[in-house]
file model.csv (CSV, C-alpha atoms)
chain,number,residue,atom,x,y,z
A,14,MET,CA,18.7,-59.0,58.2
A,15,ARG,CA,18.2,-59.6,54.5
A,16,GLU,CA,21.2,-59.8,52.2
A,17,LEU,CA,21.4,-57.7,49.0
A,18,ILE,CA,22.2,-59.7,45.8
A,19,LEU,CA,23.1,-57.9,42.6
A,20,LYS,CA,22.1,-60.0,39.6
A,21,MET,CA,23.4,-58.9,36.3
A,22,SER,CA,24.0,-60.2,32.8
A,23,VAL,CA,27.6,-59.3,31.8
A,24,SER,CA,29.6,-59.5,28.7
A,25,LEU,CA,33.1,-61.1,28.7
A,26,ASP,CA,34.6,-57.7,28.7
A,27,GLY,CA,32.6,-56.6,31.7
A,28,PHE,CA,29.7,-54.6,30.3
A,29,VAL,CA,26.0,-54.9,31.3
A,30,GLY,CA,24.7,-53.2,28.2
A,31,GLY,CA,25.9,-51.7,25.0
A,32,PRO,CA,26.8,-48.0,24.6
A,33,GLN,CA,23.1,-47.2,24.0
A,34,GLY,CA,21.8,-49.7,26.6
A,35,GLU,CA,21.5,-52.5,24.1
A,36,ILE,CA,20.8,-55.9,25.7
A,37,ASP,CA,19.9,-58.0,22.6
A,38,TRP,CA,23.0,-60.1,23.3
A,39,VAL,CA,21.5,-61.5,26.6
A,40,PHE,CA,18.7,-63.4,24.8
A,41,SER,CA,20.4,-66.7,24.0
A,42,GLY,CA,17.4,-69.0,24.2
A,43,ASP,CA,19.5,-71.4,26.4
A,44,GLN,CA,16.8,-73.2,28.4
A,45,GLU,CA,19.1,-74.3,31.2
A,46,ALA,CA,20.3,-70.8,31.7
A,47,ILE,CA,16.7,-69.5,31.6
A,48,ALA,CA,15.6,-72.0,34.2
A,49,TRP,CA,18.5,-71.0,36.5
A,50,SER,CA,17.7,-67.3,36.1
A,51,VAL,CA,14.0,-67.9,36.9
A,52,GLU,CA,14.9,-69.8,40.0
A,53,THR,CA,17.3,-67.0,41.1
A,54,VAL,CA,14.8,-64.3,40.4
A,55,GLY,CA,12.1,-66.1,42.4
A,56,ASN,CA,14.3,-66.6,45.4
A,57,ALA,CA,13.8,-63.1,46.7
A,58,SER,CA,11.5,-61.2,49.0
A,59,LEU,CA,12.0,-57.8,47.3
A,60,HIS,CA,13.2,-56.7,43.8
A,61,ILE,CA,15.0,-53.3,43.7
A,62,MET,CA,16.1,-51.3,40.7
A,63,GLY,CA,16.9,-47.8,39.4
A,64,ALA,CA,14.3,-45.6,37.8
A,65,ARG,CA,15.0,-46.4,34.1
A,66,THR,CA,15.0,-50.1,34.7
A,67,PHE,CA,11.8,-49.8,36.7
A,68,LYS,CA,10.1,-47.9,33.9
A,69,ASP,CA,11.1,-50.6,31.4
A,70,MET,CA,10.0,-53.5,33.6
A,71,ALA,CA,6.7,-51.8,34.6
A,72,ALA,CA,5.9,-51.4,30.9
A,73,PHE,CA,6.9,-55.0,30.1
A,74,TRP,CA,6.1,-57.5,32.8
A,75,PRO,CA,2.4,-56.8,33.8
A,76,THR,CA,1.1,-58.4,30.5
A,77,SER,CA,3.9,-60.8,29.8
A,78,THR,CA,3.3,-64.6,29.8
A,79,GLN,CA,7.0,-65.4,29.8
A,80,VAL,CA,8.4,-67.8,32.5
A,81,PHE,CA,9.9,-64.8,34.3
A,82,ALA,CA,6.6,-63.0,34.6
A,83,PRO,CA,5.2,-64.7,37.8
A,84,PRO,CA,8.2,-63.9,40.1
A,85,MET,CA,8.7,-60.5,38.5
A,86,ASN,CA,5.1,-59.5,39.0
A,87,LEU,CA,4.3,-61.2,42.3
A,88,ILE,CA,7.4,-60.3,44.4
A,89,PRO,CA,7.2,-56.7,45.9
A,90,LYS,CA,9.3,-54.0,44.3
A,91,ALA,CA,11.2,-50.9,45.4
A,92,VAL,CA,12.4,-48.2,42.9
A,93,PHE,CA,15.2,-45.7,43.7
A,94,SER,CA,14.3,-42.3,42.3
A,95,ARG,CA,14.6,-38.7,43.3
A,96,ARG,CA,11.3,-38.0,41.5
A,97,GLY,CA,9.3,-39.5,44.3
A,98,GLN,CA,5.9,-41.0,43.6
A,99,ALA,CA,5.9,-39.5,40.1
A,100,ILE,CA,8.1,-42.4,39.0
A,101,LEU,CA,5.2,-44.8,39.4
A,102,LYS,CA,3.4,-43.1,36.5
A,103,ALA,CA,6.4,-42.3,34.3
A,104,ALA,CA,6.3,-43.5,30.7
A,105,GLY,CA,8.9,-43.9,27.9
A,106,ALA,CA,10.7,-46.5,26.0
A,107,THR,CA,14.5,-47.2,26.1
A,108,ARG,CA,16.6,-49.4,23.8
A,109,ALA,CA,16.6,-52.1,26.5
A,110,LEU,CA,12.8,-52.2,26.5
A,111,GLU,CA,12.7,-52.4,22.7
A,112,ASP,CA,15.2,-55.3,22.7
A,113,ALA,CA,13.2,-57.1,25.3
A,114,ARG,CA,9.9,-56.7,23.4
A,115,THR,CA,11.6,-57.9,20.2
A,116,ASP,CA,12.8,-61.0,22.0
A,117,ALA,CA,9.4,-61.6,23.6
A,118,GLY,CA,7.6,-61.9,20.3
A,119,ASN,CA,4.0,-62.9,21.0
A,120,SER,CA,4.5,-63.8,24.6
A,121,HIS,CA,2.2,-61.0,25.8
A,122,SER,CA,-1.4,-61.7,26.5
A,123,GLY,CA,-2.7,-58.1,26.3
A,124,GLN,CA,-4.3,-58.8,29.7
A,125,LEU,CA,-2.8,-58.0,33.1
A,126,GLN,CA,-1.2,-61.0,34.8
A,127,PRO,CA,-1.5,-61.9,38.5
A,128,GLY,CA,0.6,-59.5,40.6
A,129,ALA,CA,0.6,-56.8,37.9
A,130,GLU,CA,-0.6,-54.3,40.4
A,131,SER,CA,2.6,-54.6,42.4
A,132,TRP,CA,4.3,-52.2,39.9
A,133,SER,CA,2.0,-49.3,40.8
A,134,GLU,CA,2.4,-50.2,44.5
A,135,ALA,CA,6.2,-50.2,44.6
A,136,TYR,CA,8.0,-48.6,47.4
A,137,VAL,CA,9.7,-45.4,46.2
A,138,ALA,CA,13.1,-44.9,47.8
A,139,SER,CA,14.0,-41.2,47.4
A,140,GLY,CA,16.4,-40.8,50.4
A,141,ASP,CA,20.1,-41.4,50.8
A,142,LEU,CA,21.1,-44.6,49.0
A,143,VAL,CA,23.0,-46.0,52.0
A,144,ASP,CA,20.2,-45.2,54.4
A,145,GLU,CA,17.5,-46.6,52.2
A,146,ILE,CA,19.4,-49.9,51.6
A,147,ALA,CA,20.0,-50.2,55.4
A,148,ARG,CA,16.3,-49.8,56.0
A,149,LEU,CA,15.4,-52.4,53.4
A,150,LYS,CA,18.0,-54.9,54.7
A,151,ALA,CA,16.6,-54.6,58.2
A,152,GLY,CA,13.6,-56.6,57.1
A,153,ASP,CA,13.3,-60.4,57.5
A,154,GLY,CA,12.9,-63.0,54.8
A,155,LYS,CA,14.6,-64.0,51.6
A,156,PRO,CA,17.3,-61.8,50.0
A,157,ILE,CA,16.8,-58.5,48.3
A,158,LEU,CA,17.5,-58.8,44.6
A,159,ALA,CA,18.9,-55.8,42.7
A,160,HIS,CA,18.4,-55.7,38.9
A,161,GLY,CA,20.2,-52.5,38.0
A,162,GLY,CA,20.4,-50.7,35.6
A,163,GLY,CA,24.0,-49.7,35.1
A,164,ALA,CA,24.1,-46.4,37.1
A,165,PHE,CA,22.1,-47.9,40.0
A,166,ALA,CA,24.4,-51.0,40.1
A,167,ARG,CA,27.5,-48.8,40.0
A,168,SER,CA,26.2,-46.9,43.0
A,169,LEU,CA,25.5,-50.1,45.0
A,170,VAL,CA,29.0,-51.4,44.1
A,171,ALA,CA,30.7,-48.1,44.9
A,172,GLU,CA,29.1,-47.9,48.3
A,173,ALA,CA,30.0,-51.6,49.1
A,174,LEU,CA,26.3,-52.4,49.7
A,175,VAL,CA,26.3,-55.7,47.8
A,176,ASP,CA,26.5,-58.9,49.8
A,177,GLN,CA,26.5,-61.3,46.8
A,178,TYR,CA,27.2,-60.8,43.1
A,179,VAL,CA,25.3,-63.1,40.8
A,180,LEU,CA,26.8,-62.6,37.4
A,181,LEU,CA,25.6,-64.4,34.3
A,182,VAL,CA,28.6,-64.0,32.0
A,183,HIS,CA,27.7,-64.3,28.3
A,184,PRO,CA,30.1,-65.4,25.6
A,185,VAL,CA,30.1,-62.0,23.8
A,186,VAL,CA,32.6,-59.1,23.6
A,187,LEU,CA,31.0,-55.7,23.2
A,188,GLY,CA,34.1,-53.5,23.1
A,189,ARG,CA,32.2,-50.5,24.5
A,190,GLY,CA,29.3,-50.3,26.9
A,191,LEU,CA,28.0,-49.8,30.4
A,192,PRO,CA,30.3,-50.9,33.2
A,193,ILE,CA,29.3,-51.5,36.8
A,194,PHE,CA,32.7,-51.6,38.5
A,195,SER,CA,34.1,-48.3,37.1
A,196,GLU,CA,33.6,-46.3,40.3
A,197,ILE,CA,35.6,-48.5,42.6
A,198,THR,CA,38.6,-46.5,43.7
A,199,ALA,CA,40.6,-49.3,45.4
A,200,HIS,CA,41.1,-53.0,44.7
A,201,ARG,CA,38.4,-55.2,46.2
A,202,ARG,CA,38.8,-59.0,46.5
A,203,LEU,CA,35.9,-61.2,45.9
A,204,LYS,CA,35.5,-64.9,46.8
A,205,LEU,CA,34.1,-67.2,44.2
A,206,ILE,CA,31.2,-69.2,45.8
A,207,SER,CA,30.0,-71.2,42.8
A,208,SER,CA,30.3,-71.4,39.0
A,209,LYS,CA,28.0,-73.1,36.6
A,210,ALA,CA,28.4,-73.4,32.8
A,211,PHE,CA,25.4,-73.7,30.5
A,212,PRO,CA,25.1,-75.3,27.1
A,213,GLY,CA,24.8,-72.0,25.2
A,214,GLY,CA,28.2,-70.8,26.6
A,215,ALA,CA,27.1,-68.5,29.4
A,216,VAL,CA,28.6,-69.1,32.8
A,217,ALA,CA,26.9,-68.2,36.1
A,218,GLN,CA,29.5,-66.9,38.6
A,219,ILE,CA,28.5,-66.1,42.2
A,220,TYR,CA,30.9,-64.1,44.4
A,221,ARG,CA,30.9,-62.6,47.9
A,222,PRO,CA,33.2,-59.9,49.3
A,223,ALA,CA,36.3,-61.6,50.6
call {"tool": "encode", "arguments": {"input": "model.csv", "output": "structure tokens"}}
result
Amino acid sequence: MRELILKMSVSLDGFVGGPQGEIDWVFSGDQEAIAWSVETVGNASLHIMGARTFKDMAAFWPTSTQVFAPPMNLIPKAVFSRRGQAILKAAGATRALEDARTDAGNSHSGQLQPGAESWSEAYVASGDLVDEIARLKAGDGKPILAHGGGAFARSLVAEALVDQYVLLVHPVVLGRGLPIFSEITAHRRLKLISSKAFPGGAVAQIYRPA
């Protein structure tokens, strides 16, 4: 059985994006935090995400030369969408994608990088969320890493499907934004597994259900 890890960047007041999906605040340039994130992203056998996040990433990573590009491109993907196979050809730009492209600067080669084809070959999960996650967890290997976005993460949390929360908490207060714990109807206790502070002020906090 594979575990499901939810990895998210989170503001101090608990949001994973601004009101319009802004994520410019996650790009701190902290090299230690980046190295930790790359290692975390690479320690997975499958990346899963919601439809909007998939569209953004599929438009960004195939030509990227950033340090995250190899694990993002080479590791298999699954996208959760009611649209079926049509999601693999969907286009469009969100605020999150615009923020990522701004931060990336010139770190795109214009050429497809190794593993770029994995985006068009992603498994499309169109069935019941709980059933689809159970099917994916039944496989062997390294953990499944869920990236979000916010609505998809909220669904995973609400259905108690997450085995480990990997939260990179940034030293910023947004005031308003996209939450991931807002659909929990009763208290849930989590156990802190580890905590690591980075020079730029972000803190990686890893929790498991108590």
call {"tool": "closest_residue", "arguments": {"input": "model.csv", "among": "A:Ile18, A:Ile206, A:Leu180, A:Ala72", "to": "A:Trp132", "atoms": "all atoms listed in the file"}}
result
A:Ala72
call {"tool": "atom_distance", "arguments": {"input": "model.csv", "atom1": "atom CA of A:Gly31", "atom2": "atom CA of A:Met70"}}
result
18.2 Å
call {"tool": "atom_distance", "arguments": {"input": "model.csv", "atom1": "atom CA of A:Ala48", "atom2": "atom CA of A:Ile219"}}
result
16.3 Å
call {"tool": "residues_near_point", "arguments": {"input": "model.csv", "point": "(33.8, -64.3, 47.3)", "cutoff": "12 Å", "atoms": "only C-alpha atoms", "output": "list in words"}}
result
Val175, Asp176, Gln177, Tyr178, Val179, Arg201, Arg202, Leu203, Lys204, Leu205, Ile206, Ser207, Ser208, Gln218, Ile219, Tyr220, Arg221, Pro222 and Ala223 of chain A
call {"tool": "residues_around", "arguments": {"input": "model.csv", "residues": "A:Phe81", "least_positions_apart": "4", "cutoff": "8 Å", "atoms": "all atoms listed in the file", "output": "list in words"}}
result
Val51, Val54 and Met85 of chain A
call {"tool": "closest_residue", "arguments": {"input": "model.csv", "among": "A:Gly118, A:Gly214, A:Gly190, A:Gly63", "to": "A:Ser139", "atoms": "only C-alpha atoms"}}
result
A:Gly63
call {"tool": "decode", "arguments": {"input": "model.csv", "residues": "stretch 64-94 of chain A", "atoms": "N, CA and C atoms", "output": "compact mmCIF listing (two decimals), in the first residue's frame"}}
result
# COMPACT_ATOMS: atom_id res chain seq x y z
N ALA A 64 -7.81 19.36 -11.47
CA ALA A 64 -7.77 19.73 -12.88
C ALA A 64 -7.08 21.07 -13.13
N ARG A 65 -7.38 22.07 -12.32
CA ARG A 65 -6.79 23.40 -12.55
C ARG A 65 -5.28 23.37 -12.34
N THR A 66 -4.84 22.73 -11.26
CA THR A 66 -3.41 22.62 -11.01
C THR A 66 -2.73 21.83 -12.12
N PHE A 67 -3.39 20.77 -12.59
CA PHE A 67 -2.82 19.98 -13.67
C PHE A 67 -2.62 20.83 -14.92
N LYS A 68 -3.61 21.63 -15.28
CA LYS A 68 -3.49 22.48 -16.47
C LYS A 68 -2.32 23.45 -16.34
N ASP A 69 -2.17 24.05 -15.16
CA ASP A 69 -1.07 24.97 -14.93
C ASP A 69 0.28 24.27 -15.05
N MET A 70 0.40 23.13 -14.37
CA MET A 70 1.67 22.43 -14.37
C MET A 70 2.02 21.86 -15.75
N ALA A 71 1.01 21.37 -16.46
CA ALA A 71 1.25 20.82 -17.79
C ALA A 71 1.68 21.89 -18.78
N ALA A 72 1.32 23.14 -18.48
CA ALA A 72 1.73 24.25 -19.33
C ALA A 72 3.10 24.81 -18.93
N PHE A 73 3.56 24.43 -17.75
CA PHE A 73 4.78 25.03 -17.21
C PHE A 73 6.00 24.11 -17.24
N TRP A 74 5.84 22.89 -16.70
CA TRP A 74 7.01 22.05 -16.45
C TRP A 74 7.65 21.41 -17.68
N PRO A 75 6.94 21.04 -18.73
CA PRO A 75 7.59 20.33 -19.84
C PRO A 75 8.77 21.05 -20.48
N THR A 76 8.80 22.39 -20.44
CA THR A 76 9.93 23.12 -21.03
C THR A 76 10.79 23.81 -19.97
N SER A 77 10.52 23.56 -18.70
CA SER A 77 11.25 24.23 -17.63
C SER A 77 12.62 23.60 -17.41
N THR A 78 13.59 24.43 -17.05
CA THR A 78 14.92 23.94 -16.68
C THR A 78 15.19 24.18 -15.20
N GLN A 79 14.15 24.49 -14.43
CA GLN A 79 14.32 24.67 -12.99
C GLN A 79 14.65 23.34 -12.32
N VAL A 80 15.14 23.41 -11.08
CA VAL A 80 15.56 22.21 -10.38
C VAL A 80 14.40 21.26 -10.09
N PHE A 81 13.18 21.79 -10.06
CA PHE A 81 12.01 20.94 -9.83
C PHE A 81 11.59 20.17 -11.08
N ALA A 82 12.07 20.59 -12.25
CA ALA A 82 11.57 20.02 -13.51
C ALA A 82 11.79 18.51 -13.64
N PRO A 83 12.98 17.97 -13.33
CA PRO A 83 13.15 16.52 -13.50
C PRO A 83 12.13 15.67 -12.73
N PRO A 84 11.96 15.87 -11.40
CA PRO A 84 10.96 15.04 -10.72
C PRO A 84 9.54 15.33 -11.17
N MET A 85 9.25 16.60 -11.49
CA MET A 85 7.89 16.93 -11.93
C MET A 85 7.57 16.30 -13.28
N ASN A 86 8.54 16.20 -14.15
CA ASN A 86 8.29 15.63 -15.47
C ASN A 86 8.41 14.11 -15.51
N LEU A 87 9.37 13.57 -14.78
CA LEU A 87 9.68 12.14 -14.91
C LEU A 87 8.75 11.24 -14.10
N ILE A 88 8.22 11.74 -12.99
CA ILE A 88 7.35 10.91 -12.15
C ILE A 88 5.94 10.88 -12.74
N PRO A 89 5.30 9.72 -12.83
CA PRO A 89 3.94 9.62 -13.41
C PRO A 89 2.94 10.51 -12.69
N LYS A 90 1.89 10.88 -13.42
CA LYS A 90 0.87 11.77 -12.90
C LYS A 90 -0.52 11.16 -12.97
N ALA A 91 -1.39 11.64 -12.09
CA ALA A 91 -2.83 11.35 -12.18
C ALA A 91 -3.55 12.67 -11.94
N VAL A 92 -4.56 12.94 -12.76
CA VAL A 92 -5.34 14.16 -12.61
C VAL A 92 -6.79 13.78 -12.32
N PHE A 93 -7.38 14.47 -11.35
CA PHE A 93 -8.77 14.20 -10.96
C PHE A 93 -9.67 15.21 -11.65
N SER A 94 -10.50 14.71 -12.56
CA SER A 94 -11.36 15.59 -13.35
C SER A 94 -12.58 14.83 -13.84
